[in-house]
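Comments concern the structure below.
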Amino acid sequence: MTHKIRTTEISRTAYVTFMQKAEQFLKTAAVCFKSGDYNASAANAVHACISASDALCARHLGKRASGEKHSDAVNLIKTIKSSDDFTNNAVRFGRVLAIKSLAEYEERLVFKNDSETVLKNAEKFLEFVRKNLPEGN
């Protein structure tokens, strides 16, 4: 049985606001990393990717994932376009999401190397999203 992705319909122009949020979260993640706040950096990198995913899906699909499973957002990206680039970046997004629970809920802190990896993946994911949105947003 195929899992149905829960979505919420939104305006295709909402991508602009979601991308602004993504850029702010990413900038904050970089600042936090530089100051040694690795947990905050990782959490902000995760939120940057979630907002970027919402921007991408809003623009291309007129909806965003709204289920409790973060894998829904990953799978929704894969429905936009059947290509290696979309598949690979959906997987990258999934890797970023994997640290969300640790960064936000668990009792241990995120290590520097984990935070750096998440930040780099977030930067690459946002670069991919920017390439797949209209210029000048």
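Chains: A, B, ... in order of the structure tokens. Residues: from 1 per chain. Ligands: from 1, in order shown.
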Any chance you could tabulate, as a Markdown table, the residues of stretch 19-127 of chain A at most 6 Å from stretch 12-15 of chain A with each one's nearest atom pair and distance in Å to one decimal, using only C-alpha atoms, in chain and rising number order?
```
| residue | atom | partner | partner_atom | distance |
| --- | --- | --- | --- | --- |
| A:Met19 | CA | A:Tyr15 | CA | 5.9 |
| A:Ala55 | CA | A:Tyr15 | CA | 3.9 |
| A:Ala58 | CA | A:Arg12 | CA | 4.9 |
| A:Arg59 | CA | A:Arg12 | CA | 4.5 |
| A:Gly62 | CA | A:Arg12 | CA | 4.8 |
```
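Here the strand (DSSP E) residues in chain A, by DSSP on the backbone, are Thr7, Thr8, Glu9, Lys63, Arg64 and Ala65 of chain A.
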Got time to write the residues from that selection, N, CA and C atoms, as a PDB file, in the first residue's frame?
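Once everything was written out, this is out-v7.pdb:
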```pdb
ATOM      1  N   THR A   7      -0.988  16.951   2.597  1.00  0.00           N
ATOM      2  CA  THR A   7      -0.554  18.267   2.122  1.00  0.00           C
ATOM      3  C   THR A   7      -1.600  19.325   2.462  1.00  0.00           C
ATOM      4  N   THR A   8      -1.151  20.564   2.377  1.00  0.00           N
ATOM      5  CA  THR A   8      -2.024  21.724   2.515  1.00  0.00           C
ATOM      6  C   THR A   8      -1.855  22.570   1.273  1.00  0.00           C
ATOM      7  N   GLU A   9      -2.968  22.938   0.640  1.00  0.00           N
ATOM      8  CA  GLU A   9      -2.922  23.798  -0.539  1.00  0.00           C
ATOM      9  C   GLU A   9      -2.506  25.205  -0.115  1.00  0.00           C
ATOM     10  N   LYS A  63       1.225  23.463  -3.060  1.00  0.00           N
ATOM     11  CA  LYS A  63       0.937  22.831  -1.774  1.00  0.00           C
ATOM     12  C   LYS A  63       2.242  22.546  -1.060  1.00  0.00           C
ATOM     13  N   ARG A  64       2.123  22.240   0.231  1.00  0.00           N
ATOM     14  CA  ARG A  64       3.286  21.846   1.016  1.00  0.00           C
ATOM     15  C   ARG A  64       2.899  20.675   1.894  1.00  0.00           C
ATOM     16  N   ALA A  65       3.888  19.939   2.342  1.00  0.00           N
ATOM     17  CA  ALA A  65       3.625  18.786   3.206  1.00  0.00           C
ATOM     18  C   ALA A  65       3.096  19.278   4.550  1.00  0.00           C
TER      19      ALA A  65
END
```
Taking 5 positions as the minimum chain separation for residues in the same chain, which residues sit within 12 Å of stretch 98-106 of chain A when counting only C-alpha atoms? Answer as a count of residues only.
31
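What separates atom CA of A:Phe86 from atom CA of A:Cys32 is a distance of 28.6 Å.
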